[in-house]
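**Q** Got upload_15.cif for you, mmCIF, C-alpha atoms; chains and numbers go by the auth columns:
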```
data_data
#
loop_
_atom_site.group_PDB
_atom_site.id
_atom_site.type_symbol
_atom_site.label_atom_id
_atom_site.label_comp_id
_atom_site.label_asym_id
_atom_site.label_seq_id
_atom_site.Cartn_x
_atom_site.Cartn_y
_atom_site.Cartn_z
_atom_site.B_iso_or_equiv
_atom_site.auth_seq_id
_atom_site.auth_asym_id
ATOM 1 C CA MET A 1 11.049 -17.372 13.355 0.00 27 Y
ATOM 2 C CA ASN A 2 13.403 -16.932 10.484 0.00 28 Y
ATOM 3 C CA GLU A 3 10.981 -15.733 7.861 0.00 29 Y
ATOM 4 C CA GLY A 4 13.347 -13.215 6.308 0.00 30 Y
ATOM 5 C CA ILE A 5 15.370 -15.981 4.710 0.00 31 Y
ATOM 6 C CA HIS A 6 12.238 -17.283 2.994 0.00 32 Y
ATOM 7 C CA ALA A 7 11.419 -13.837 1.606 0.00 33 Y
ATOM 8 C CA MET A 8 11.401 -14.662 -2.093 0.00 34 Y
ATOM 9 C CA SER A 9 10.837 -18.334 -1.690 0.00 35 Y
ATOM 10 C CA GLU A 10 7.688 -18.133 0.403 0.00 36 Y
ATOM 11 C CA ARG A 11 6.066 -15.950 -2.224 0.00 37 Y
ATOM 12 C CA SER A 12 7.092 -18.208 -5.097 0.00 38 Y
ATOM 13 C CA ILE A 13 6.256 -21.409 -3.223 0.00 39 Y
ATOM 14 C CA PHE A 14 2.789 -20.070 -2.451 0.00 40 Y
ATOM 15 C CA LEU A 15 2.158 -18.981 -6.043 0.00 41 Y
ATOM 16 C CA THR A 16 3.452 -22.228 -7.498 0.00 42 Y
ATOM 17 C CA ALA A 17 1.390 -24.314 -5.073 0.00 43 Y
ATOM 18 C CA LEU A 18 -1.694 -22.235 -5.809 0.00 44 Y
ATOM 19 C CA ASP A 19 -1.343 -23.037 -9.516 0.00 45 Y
ATOM 20 C CA ILE A 20 -1.444 -26.781 -8.805 0.00 46 Y
ATOM 21 C CA ALA A 21 -5.142 -27.642 -8.817 0.00 47 Y
ATOM 22 C CA ASP A 22 -4.827 -31.298 -7.863 0.00 48 Y
ATOM 23 C CA PRO A 23 -4.617 -31.634 -4.037 0.00 49 Y
ATOM 24 C CA ALA A 24 -2.403 -34.719 -4.142 0.00 50 Y
ATOM 25 C CA GLN A 25 0.028 -33.100 -6.571 0.00 51 Y
ATOM 26 C CA ARG A 26 0.043 -29.909 -4.539 0.00 52 Y
ATOM 27 C CA SER A 27 0.786 -31.854 -1.380 0.00 53 Y
ATOM 28 C CA ALA A 28 3.605 -33.710 -3.114 0.00 54 Y
ATOM 29 C CA TYR A 29 5.068 -30.405 -4.279 0.00 55 Y
ATOM 30 C CA LEU A 30 4.936 -29.005 -0.735 0.00 56 Y
ATOM 31 C CA ASP A 31 6.498 -32.205 0.661 0.00 57 Y
ATOM 32 C CA GLN A 32 9.361 -31.773 -1.712 0.00 58 Y
ATOM 33 C CA ILE A 33 9.853 -27.980 -1.460 0.00 59 Y
ATOM 34 C CA CYS A 34 9.300 -27.466 2.279 0.00 60 Y
ATOM 35 C CA GLY A 35 11.259 -30.516 3.359 0.00 61 Y
ATOM 36 C CA ASN A 36 11.160 -30.663 7.155 0.00 62 Y
ATOM 37 C CA ASP A 37 10.321 -26.965 7.566 0.00 63 Y
ATOM 38 C CA ALA A 38 6.945 -27.585 9.194 0.00 64 Y
ATOM 39 C CA ALA A 39 6.343 -23.902 9.985 0.00 65 Y
ATOM 40 C CA LEU A 40 6.809 -22.903 6.360 0.00 66 Y
ATOM 41 C CA ARG A 41 4.494 -25.635 5.144 0.00 67 Y
ATOM 42 C CA LYS A 42 1.823 -24.714 7.701 0.00 68 Y
ATOM 43 C CA HIS A 43 1.971 -21.076 6.658 0.00 69 Y
ATOM 44 C CA ILE A 44 1.739 -21.891 2.934 0.00 70 Y
ATOM 45 C CA GLU A 45 -1.297 -24.073 3.628 0.00 71 Y
ATOM 46 C CA GLU A 46 -2.901 -21.248 5.629 0.00 72 Y
ATOM 47 C CA LEU A 47 -2.339 -18.871 2.721 0.00 73 Y
ATOM 48 C CA ILE A 48 -3.824 -21.310 0.207 0.00 74 Y
ATOM 49 C CA ALA A 49 -6.882 -21.679 2.468 0.00 75 Y
ATOM 50 C CA ALA A 50 -7.205 -17.884 2.833 0.00 76 Y
ATOM 51 C CA GLU A 51 -6.911 -17.063 -0.874 0.00 77 Y
ATOM 52 C CA PRO A 52 -10.516 -17.932 -1.909 0.00 78 Y
ATOM 53 C CA LYS A 53 -11.810 -15.524 0.783 0.00 79 Y
ATOM 54 C CA LEU A 54 -9.962 -12.517 -0.652 0.00 80 Y
ATOM 55 C CA GLY A 55 -12.705 -10.879 -2.723 0.00 81 Y
ATOM 56 C CA GLY A 56 -11.632 -7.296 -3.243 0.00 82 Y
ATOM 57 C CA TYR A 57 -9.636 -7.171 -0.018 0.00 83 Y
ATOM 58 C CA PRO A 58 -8.179 -4.733 0.938 0.00 84 Y
ATOM 59 C CA PHE A 59 -10.423 -2.025 -0.429 0.00 85 Y
ATOM 60 C CA GLN A 60 -8.774 1.281 -1.100 0.00 86 Y
ATOM 61 C CA PRO A 61 -9.092 3.776 1.757 0.00 87 Y
ATOM 62 C CA HIS A 62 -10.929 7.055 1.570 0.00 88 Y
ATOM 63 C CA THR A 63 -9.700 10.003 3.516 0.00 89 Y
ATOM 64 C CA ASN A 64 -12.205 12.053 5.403 0.00 90 Y
ATOM 65 C CA VAL A 65 -12.171 14.668 8.157 0.00 91 Y
ATOM 66 C CA ASP A 66 -9.392 15.849 10.432 0.00 92 Y
ATOM 67 C CA LEU A 67 -6.531 16.098 7.962 0.00 93 Y
ATOM 68 C CA MET B 1 12.040 23.406 -12.508 0.00 112 K
ATOM 69 C CA SER B 2 10.104 22.697 -9.303 0.00 113 K
ATOM 70 C CA ASP B 3 11.809 21.531 -6.098 0.00 114 K
ATOM 71 C CA VAL B 4 10.390 18.083 -6.604 0.00 115 K
ATOM 72 C CA THR B 5 11.470 17.836 -10.229 0.00 116 K
ATOM 73 C CA HIS B 6 14.937 18.903 -9.133 0.00 117 K
ATOM 74 C CA ILE B 7 15.051 16.299 -6.366 0.00 118 K
ATOM 75 C CA LEU B 8 13.834 13.597 -8.752 0.00 119 K
ATOM 76 C CA SER B 9 16.640 14.400 -11.172 0.00 120 K
ATOM 77 C CA GLN B 10 19.125 14.245 -8.270 0.00 121 K
ATOM 78 C CA ILE B 11 17.774 10.823 -7.316 0.00 122 K
ATOM 79 C CA GLU B 12 18.138 9.710 -10.939 0.00 123 K
ATOM 80 C CA ALA B 13 21.731 10.954 -10.837 0.00 124 K
ATOM 81 C CA GLY B 14 22.338 8.716 -7.820 0.00 125 K
ATOM 82 C CA ASP B 15 22.392 11.278 -4.982 0.00 126 K
ATOM 83 C CA PRO B 16 21.408 9.233 -1.889 0.00 127 K
ATOM 84 C CA ARG B 17 20.402 12.289 0.182 0.00 128 K
ATOM 85 C CA ALA B 18 17.840 13.400 -2.385 0.00 129 K
ATOM 86 C CA SER B 19 15.400 10.595 -1.473 0.00 130 K
ATOM 87 C CA GLU B 20 15.193 11.863 2.103 0.00 131 K
ATOM 88 C CA GLN B 21 14.217 15.319 0.853 0.00 132 K
ATOM 89 C CA LEU B 22 11.421 14.021 -1.338 0.00 133 K
ATOM 90 C CA LEU B 23 9.121 12.514 1.304 0.00 134 K
ATOM 91 C CA PRO B 24 8.521 15.675 3.428 0.00 135 K
ATOM 92 C CA LEU B 25 7.705 17.751 0.336 0.00 136 K
ATOM 93 C CA VAL B 26 5.245 15.208 -1.015 0.00 137 K
ATOM 94 C CA TYR B 27 3.753 14.712 2.448 0.00 138 K
ATOM 95 C CA GLU B 28 3.134 18.449 2.929 0.00 139 K
ATOM 96 C CA GLU B 29 1.599 18.815 -0.520 0.00 140 K
ATOM 97 C CA LEU B 30 -0.780 15.917 0.073 0.00 141 K
ATOM 98 C CA ARG B 31 -1.857 17.305 3.436 0.00 142 K
ATOM 99 C CA LYS B 32 -2.462 20.744 1.956 0.00 143 K
ATOM 100 C CA LEU B 33 -4.425 19.340 -0.957 0.00 144 K
ATOM 101 C CA ALA B 34 -6.552 17.177 1.299 0.00 145 K
ATOM 102 C CA ALA B 35 -7.264 20.070 3.665 0.00 146 K
ATOM 103 C CA ALA B 36 -8.158 22.416 0.791 0.00 147 K
ATOM 104 C CA ARG B 37 -10.465 19.873 -0.803 0.00 148 K
ATOM 105 C CA LEU B 38 -12.137 19.092 2.502 0.00 149 K
ATOM 106 C CA ALA B 39 -12.755 22.781 3.191 0.00 150 K
ATOM 107 C CA GLN B 40 -14.878 22.930 0.032 0.00 151 K
ATOM 108 C CA GLU B 41 -16.679 19.627 0.470 0.00 152 K
ATOM 109 C CA LYS B 42 -19.833 18.888 2.385 0.00 153 K
ATOM 110 C CA PRO B 43 -19.447 17.224 5.777 0.00 154 K
ATOM 111 C CA GLY B 44 -19.083 13.471 5.507 0.00 155 K
ATOM 112 C CA GLN B 45 -17.634 13.740 2.015 0.00 156 K
ATOM 113 C CA THR B 46 -14.799 11.359 1.341 0.00 157 K
ATOM 114 C CA LEU B 47 -11.731 11.824 -0.803 0.00 158 K
ATOM 115 C CA GLN B 48 -9.962 9.103 -2.664 0.00 159 K
ATOM 116 C CA ALA B 49 -6.270 8.637 -2.065 0.00 160 K
ATOM 117 C CA THR B 50 -5.796 8.013 -5.777 0.00 161 K
ATOM 118 C CA ALA B 51 -7.198 11.385 -6.768 0.00 162 K
ATOM 119 C CA LEU B 52 -5.092 13.210 -4.178 0.00 163 K
ATOM 120 C CA VAL B 53 -1.892 11.500 -5.225 0.00 164 K
ATOM 121 C CA HIS B 54 -2.448 12.216 -8.895 0.00 165 K
ATOM 122 C CA GLU B 55 -3.306 15.836 -8.210 0.00 166 K
ATOM 123 C CA ALA B 56 -0.128 16.167 -6.116 0.00 167 K
ATOM 124 C CA TYR B 57 1.821 14.690 -9.014 0.00 168 K
ATOM 125 C CA LEU B 58 0.411 17.213 -11.470 0.00 169 K
ATOM 126 C CA ARG B 59 1.143 20.108 -9.136 0.00 170 K
ATOM 127 C CA LEU B 60 4.634 19.048 -8.100 0.00 171 K
ATOM 128 C CA VAL B 61 5.972 17.432 -11.246 0.00 172 K
ATOM 129 C CA GLY B 62 3.682 18.385 -14.101 0.00 173 K
ATOM 130 C CA ASP B 63 1.591 16.598 -16.688 0.00 174 K
ATOM 131 C CA LEU B 64 3.727 13.631 -17.668 0.00 175 K
ATOM 132 C CA GLY B 65 1.122 11.017 -18.420 0.00 176 K
ATOM 133 C CA PRO B 66 2.802 8.413 -20.619 0.00 177 K
ATOM 134 C CA GLY B 67 1.307 8.085 -24.076 0.00 178 K
ATOM 135 C CA VAL B 68 -0.714 11.284 -23.878 0.00 179 K
ATOM 136 C CA GLY B 69 1.875 14.050 -23.845 0.00 180 K
ATOM 137 C CA GLU B 70 4.508 14.287 -26.553 0.00 181 K
ATOM 138 C CA GLN B 71 7.365 14.582 -24.117 0.00 182 K
ATOM 139 C CA LYS B 72 8.221 12.755 -20.927 0.00 183 K
ATOM 140 C CA PRO B 73 10.640 15.004 -19.014 0.00 184 K
ATOM 141 C CA ALA B 74 10.737 12.551 -16.137 0.00 185 K
ATOM 142 C CA GLY B 75 11.146 8.867 -16.884 0.00 186 K
ATOM 143 C CA TRP B 76 9.271 6.027 -15.227 0.00 187 K
ATOM 144 C CA ASN B 77 12.118 5.727 -12.795 0.00 188 K
ATOM 145 C CA SER B 78 11.337 9.218 -11.521 0.00 189 K
ATOM 146 C CA ARG B 79 7.639 8.504 -11.454 0.00 190 K
ATOM 147 C CA GLY B 80 8.445 5.398 -9.435 0.00 191 K
ATOM 148 C CA HIS B 81 10.328 7.441 -6.851 0.00 192 K
ATOM 149 C CA PHE B 82 7.548 10.002 -6.704 0.00 193 K
ATOM 150 C CA PHE B 83 4.784 7.431 -6.262 0.00 194 K
ATOM 151 C CA GLY B 84 6.873 5.557 -3.692 0.00 195 K
ATOM 152 C CA ALA B 85 7.134 8.740 -1.627 0.00 196 K
ATOM 153 C CA ALA B 86 3.465 9.581 -2.188 0.00 197 K
ATOM 154 C CA ALA B 87 2.379 6.110 -1.079 0.00 198 K
ATOM 155 C CA GLU B 88 4.448 6.402 2.105 0.00 199 K
ATOM 156 C CA ALA B 89 3.086 9.913 2.726 0.00 200 K
ATOM 157 C CA MET B 90 -0.528 8.765 2.266 0.00 201 K
ATOM 158 C CA ARG B 91 0.104 5.822 4.582 0.00 202 K
ATOM 159 C CA ARG B 92 1.398 8.175 7.286 0.00 203 K
ATOM 160 C CA ILE B 93 -1.465 10.639 6.836 0.00 204 K
ATOM 161 C CA LEU B 94 -4.128 7.938 7.032 0.00 205 K
ATOM 162 C CA VAL B 95 -2.497 6.160 9.968 0.00 206 K
ATOM 163 C CA GLU B 96 -2.113 9.430 11.884 0.00 207 K
ATOM 164 C CA GLN B 97 -5.758 10.224 11.249 0.00 208 K
ATOM 165 C CA ALA B 98 -6.878 6.749 12.346 0.00 209 K
ATOM 166 C CA ARG B 99 -4.785 7.045 15.534 0.00 210 K
ATOM 167 C CA ARG B 100 -6.337 10.430 16.344 0.00 211 K
ATOM 168 C CA LYS B 101 -9.797 8.964 15.940 0.00 212 K
ATOM 169 C CA GLU B 102 -8.896 6.048 18.196 0.00 213 K
ATOM 170 C CA ALA B 103 -7.504 8.427 20.834 0.00 214 K
ATOM 171 C CA LYS B 104 -10.643 10.557 20.714 0.00 215 K
ATOM 172 C CA LYS B 105 -12.851 7.521 21.139 0.00 216 K
ATOM 173 C CA ARG B 106 -10.890 6.432 24.203 0.00 217 K
ATOM 174 C CA GLY B 107 -10.378 9.946 25.550 0.00 218 K
ATOM 175 C CA GLY B 108 -12.593 12.667 26.941 0.00 219 K
ATOM 176 C CA GLU B 109 -14.238 13.706 23.695 0.00 220 K
ATOM 177 C CA ARG B 110 -16.669 10.831 23.538 0.00 221 K
ATOM 178 C CA GLN B 111 -19.720 13.029 23.894 0.00 222 K
ATOM 179 C CA ARG B 112 -18.681 15.296 21.057 0.00 223 K
ATOM 180 C CA ILE B 113 -17.993 12.371 18.764 0.00 224 K
ATOM 181 C CA GLU B 114 -21.499 11.027 19.362 0.00 225 K
ATOM 182 C CA LEU B 115 -22.988 14.376 18.401 0.00 226 K
ATOM 183 C CA VAL B 116 -21.061 14.364 15.151 0.00 227 K
ATOM 184 C CA ASP B 117 -23.039 11.327 14.004 0.00 228 K
ATOM 185 C CA ALA B 118 -20.055 9.475 12.633 0.00 229 K
ATOM 186 C CA PRO B 119 -21.195 6.538 10.519 0.00 230 K
ATOM 187 C CA ALA B 120 -20.291 3.080 11.803 0.00 231 K
ATOM 188 C CA VAL B 121 -18.460 2.285 8.569 0.00 232 K
ATOM 189 C CA GLU B 122 -16.008 5.070 9.251 0.00 233 K
ATOM 190 C CA GLU B 123 -15.156 3.690 12.704 0.00 234 K
ATOM 191 C CA GLN B 124 -14.646 0.249 11.209 0.00 235 K
ATOM 192 C CA THR B 125 -12.328 1.691 8.566 0.00 236 K
ATOM 193 C CA ALA B 126 -10.227 3.470 11.167 0.00 237 K
ATOM 194 C CA VAL B 127 -9.707 0.329 13.233 0.00 238 K
ATOM 195 C CA ASP B 128 -9.019 -1.851 10.201 0.00 239 K
ATOM 196 C CA LEU B 129 -6.518 0.615 8.838 0.00 240 K
ATOM 197 C CA LEU B 130 -4.330 0.453 11.948 0.00 241 K
ATOM 198 C CA ALA B 131 -4.472 -3.345 12.022 0.00 242 K
ATOM 199 C CA LEU B 132 -3.679 -3.470 8.325 0.00 243 K
ATOM 200 C CA ASP B 133 -0.764 -1.091 8.746 0.00 244 K
ATOM 201 C CA GLN B 134 0.625 -3.253 11.557 0.00 245 K
ATOM 202 C CA ALA B 135 0.341 -6.339 9.353 0.00 246 K
ATOM 203 C CA LEU B 136 1.975 -4.428 6.506 0.00 247 K
ATOM 204 C CA THR B 137 4.938 -3.596 8.753 0.00 248 K
ATOM 205 C CA GLU B 138 5.282 -7.315 9.463 0.00 249 K
ATOM 206 C CA LEU B 139 5.086 -8.122 5.744 0.00 250 K
ATOM 207 C CA THR B 140 7.876 -5.613 5.116 0.00 251 K
ATOM 208 C CA ALA B 141 10.180 -7.763 7.259 0.00 252 K
ATOM 209 C CA VAL B 142 9.244 -10.908 5.310 0.00 253 K
ATOM 210 C CA ASP B 143 9.021 -9.584 1.746 0.00 254 K
ATOM 211 C CA PRO B 144 9.880 -5.877 1.356 0.00 255 K
ATOM 212 C CA ARG B 145 9.066 -5.873 -2.354 0.00 256 K
ATOM 213 C CA ALA B 146 5.567 -7.216 -1.769 0.00 257 K
ATOM 214 C CA ALA B 147 4.996 -4.635 0.978 0.00 258 K
ATOM 215 C CA GLU B 148 6.149 -1.815 -1.304 0.00 259 K
ATOM 216 C CA LEU B 149 3.676 -2.964 -3.928 0.00 260 K
ATOM 217 C CA VAL B 150 0.868 -2.876 -1.346 0.00 261 K
ATOM 218 C CA LYS B 151 1.780 0.702 -0.457 0.00 262 K
ATOM 219 C CA LEU B 152 1.690 1.759 -4.110 0.00 263 K
ATOM 220 C CA ARG B 153 -1.579 0.009 -4.917 0.00 264 K
ATOM 221 C CA TYR B 154 -3.428 0.506 -1.648 0.00 265 K
ATOM 222 C CA PHE B 155 -2.250 3.864 -0.312 0.00 266 K
ATOM 223 C CA ALA B 156 -1.352 5.638 -3.573 0.00 267 K
ATOM 224 C CA GLY B 157 -4.101 3.880 -5.535 0.00 268 K
ATOM 225 C CA LEU B 158 -1.915 2.970 -8.508 0.00 269 K
ATOM 226 C CA THR B 159 -3.196 0.471 -11.072 0.00 270 K
ATOM 227 C CA GLY B 160 -1.386 -2.843 -11.474 0.00 271 K
ATOM 228 C CA LYS B 161 0.318 -1.532 -14.604 0.00 272 K
ATOM 229 C CA ASP B 162 1.444 1.747 -13.003 0.00 273 K
ATOM 230 C CA ALA B 163 2.667 -0.025 -9.870 0.00 274 K
ATOM 231 C CA ALA B 164 4.595 -2.531 -12.005 0.00 275 K
ATOM 232 C CA ASP B 165 6.222 0.324 -13.934 0.00 276 K
ATOM 233 C CA ALA B 166 7.046 2.174 -10.711 0.00 277 K
ATOM 234 C CA LEU B 167 8.814 -0.920 -9.349 0.00 278 K
ATOM 235 C CA GLY B 168 10.415 -1.825 -12.673 0.00 279 K
ATOM 236 C CA ILE B 169 8.809 -5.286 -12.791 0.00 280 K
ATOM 237 C CA SER B 170 6.473 -6.965 -15.276 0.00 281 K
ATOM 238 C CA VAL B 171 2.715 -6.600 -14.920 0.00 282 K
ATOM 239 C CA ARG B 172 2.433 -10.358 -14.465 0.00 283 K
ATOM 240 C CA THR B 173 4.977 -10.354 -11.626 0.00 284 K
ATOM 241 C CA ALA B 174 3.228 -7.387 -10.030 0.00 285 K
ATOM 242 C CA ASP B 175 -0.170 -9.104 -10.264 0.00 286 K
ATOM 243 C CA ARG B 176 1.196 -12.340 -8.770 0.00 287 K
ATOM 244 C CA THR B 177 2.989 -10.441 -6.006 0.00 288 K
ATOM 245 C CA TRP B 178 -0.210 -8.464 -5.278 0.00 289 K
ATOM 246 C CA LEU B 179 -2.128 -11.724 -4.917 0.00 290 K
ATOM 247 C CA TYR B 180 0.482 -13.078 -2.488 0.00 291 K
ATOM 248 C CA ALA B 181 0.601 -9.847 -0.478 0.00 292 K
ATOM 249 C CA ARG B 182 -3.187 -9.542 -0.152 0.00 293 K
ATOM 250 C CA THR B 183 -3.485 -13.184 0.891 0.00 294 K
ATOM 251 C CA TRP B 184 -0.647 -12.763 3.380 0.00 295 K
ATOM 252 C CA LEU B 185 -2.277 -9.692 4.962 0.00 296 K
ATOM 253 C CA LEU B 186 -5.759 -11.212 5.113 0.00 297 K
ATOM 254 C CA ASN B 187 -4.375 -14.353 6.739 0.00 298 K
ATOM 255 C CA LYS B 188 -2.419 -12.266 9.243 0.00 299 K
ATOM 256 C CA LEU B 189 -5.461 -10.212 10.221 0.00 300 K
ATOM 257 C CA GLU B 190 -7.717 -13.260 10.453 0.00 301 K
ATOM 258 C CA SER B 191 -5.309 -15.124 12.689 0.00 302 K
ATOM 259 C CA ARG B 192 -5.297 -12.358 15.304 0.00 303 K
#
```
With the file now loaded, output its structure as structure tokens.

**A**
Amino acid sequence: MNEGIHAMSERSIFLTALDIADPAQRSAYLDQICGNDAALRKHIEELIAAEPKLGGYPFQPHTNVDL
Amino acid sequence: MSDVTHILSQIEAGDPRASEQLLPLVYEELRKLAAARLAQEKPGQTLQATALVHEAYLRLVGDLGPGVGEQKPAGWNSRGHFFGAAAEAMRRILVEQARRKEAKKRGGERQRIELVDAPAVEEQTAVDLLALDQALTELTAVDPRAAELVKLRYFAGLTGKDAADALGISVRTADRTWLYARTWLLNKLESR
């Protein structure tokens, strides 16, 4: 795993891909931007699949007892 | 000038050792505030991190709300340093508390815990918090800026605008980064 190198780019790739509504266009963008980095592409696709499930996650914590 | 105000001005002046002095002071103040509040509250009462952090700010730095007061003795840069330290302090406090609860559940105090009638939601929160903190540590290695934003928004309870100001980035960038960070963390926790 060499994720550190992708630091900025993973974030911007994800956000750019998320903005592309058309699945074919999105796929073409990922083909082009990820090249043969299959791990990166897989992770971006996981993130895009997870995004609709976000809701208000993560809710802000409350502190109680034992401090 | 309070200790914290002094340290903030040293940080602004570029003294690298000043940052290290800030965290313990903010941490102690937050613990004291939380303990004092809890002593007055009914059992089972919860406190919001946001309220604690803002109260600590008022006590340690003073009333510097932008737009309201006429003067702003500490700039947004200083506020950013303060809230960064407060977010880290709140993270530590909450993680320590969650670990203690976990240890008690596993350890010999099971019977006492059951008598306390702890609501199930609270248990869930404790477990989730540790998993979330672990995921956040992993995000720090991938995208430190995104992880810092999570600390400010989640642990210090800053709004998108305040967190953006604290990091010196645009609100739009902060909102987009927040979306990425939340998605990243959710995906990480779901894939466990």

**Q** Contacts of Arg52 (chain Y) at 9 Å or less, counting all atoms listed in the file, minus same-chain residues fewer than 6 places along, as JSON, numbers by chain?

**A** {"Y": [42, 43, 44, 45, 46]}

**Q** For this file, the PyMOL selection byres ((chain Y and resi 75-84) around 9) selects which residues, as a list in words?

**A**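 Output from the PyMOL selection byres ((chain Y and resi 75-84) around 9), applied to this file: Leu44, Ile70, Glu71, Glu72, Leu73, Ile74, Phe85, Gln86 and Pro87 of chain Y; Leu243, Tyr265, Leu290, Tyr291, Arg293, Thr294, Trp295, Leu296, Leu297, Asn298 and Glu301 of chain K.
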
**Q** Residues of chain K within 8 Å of chain Y, counting all atoms listed in the file - could you list those as a ChimeraX atom specification?

**A** /K:142,145-146,149,155-160,204-205,208,236,252-254,265-266,268,287-288,291,293-295,297-298

**Q** Just how far from CA of Thr251 (chain K) is CA of Ala64 (chain Y), in Å to one decimal?

**A**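 One can read the CA of Ala64 (chain Y) to CA of Thr251 (chain K) distance as 22.4 Å.
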
**Q** Could you work out how far CA of Val172 (chain K) lies from CA of Met201 (chain K), giving the answer in Å with one decimal?

**A**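 Value for the CA of Met201 (chain K)-CA of Val172 (chain K) distance: 17.3 Å.
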
**Q** Given only C-alpha atoms as the basis, pick out the residue of K:Arg202, K:Arg217, K:Arg128, K:Arg264 nearest to Ala277 (chain K).

**A**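 Using only C-alpha atoms, Ala277 (chain K) sits closest to K:Arg264.
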
**Q** How many Å lie between CA of Leu260 (chain K) and CA of Leu171 (chain K), rounded to one decimal?

**A** 22.4 Å

**Q** Going by the chain IDs and residue numbers used in this file, which residues fall under the PyMOL selection byres ((chain K and resi 275) around 10)? Write them as an NGL selection string.

**A** :K and (191 or 260 or 263-264 or 269-274 or 276-286)

**Q** How would you write, as a compact mmCIF listing (two decimals) with C-alpha atoms, keeping the file's coordinate frame, the residues chosen by the PyMOL selection byres ((chain K and resi 244) around 10) on this structure?

**A**
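Wrote part.txt, looks like this:
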```txt
# COMPACT_ATOMS: atom_id res chain seq x y z
CA ARG K 202 0.10 5.82 4.58
CA ARG K 203 1.40 8.18 7.29
CA LEU K 205 -4.13 7.94 7.03
CA VAL K 206 -2.50 6.16 9.97
CA ASP K 239 -9.02 -1.85 10.20
CA LEU K 240 -6.52 0.62 8.84
CA LEU K 241 -4.33 0.45 11.95
CA ALA K 242 -4.47 -3.34 12.02
CA LEU K 243 -3.68 -3.47 8.32
CA GLN K 245 0.62 -3.25 11.56
CA ALA K 246 0.34 -6.34 9.35
CA LEU K 247 1.98 -4.43 6.51
CA THR K 248 4.94 -3.60 8.75
CA GLU K 249 5.28 -7.32 9.46
CA LEU K 250 5.09 -8.12 5.74
CA LYS K 262 1.78 0.70 -0.46
CA LEU K 296 -2.28 -9.69 4.96
```

**Q** First collect every listed atom of region 249-266 of chain K; then fit an axis-aligned box around them, widen it by 8 Å on each side, and give centre and edge lengths in Å to one decimal, as lines of an AutoDock Vina configuration file.

**A**
```
center_x = 3.4
center_y = -3.5
center_z = 2.3
size_x = 29.6
size_y = 30.8
size_z = 30.4
```
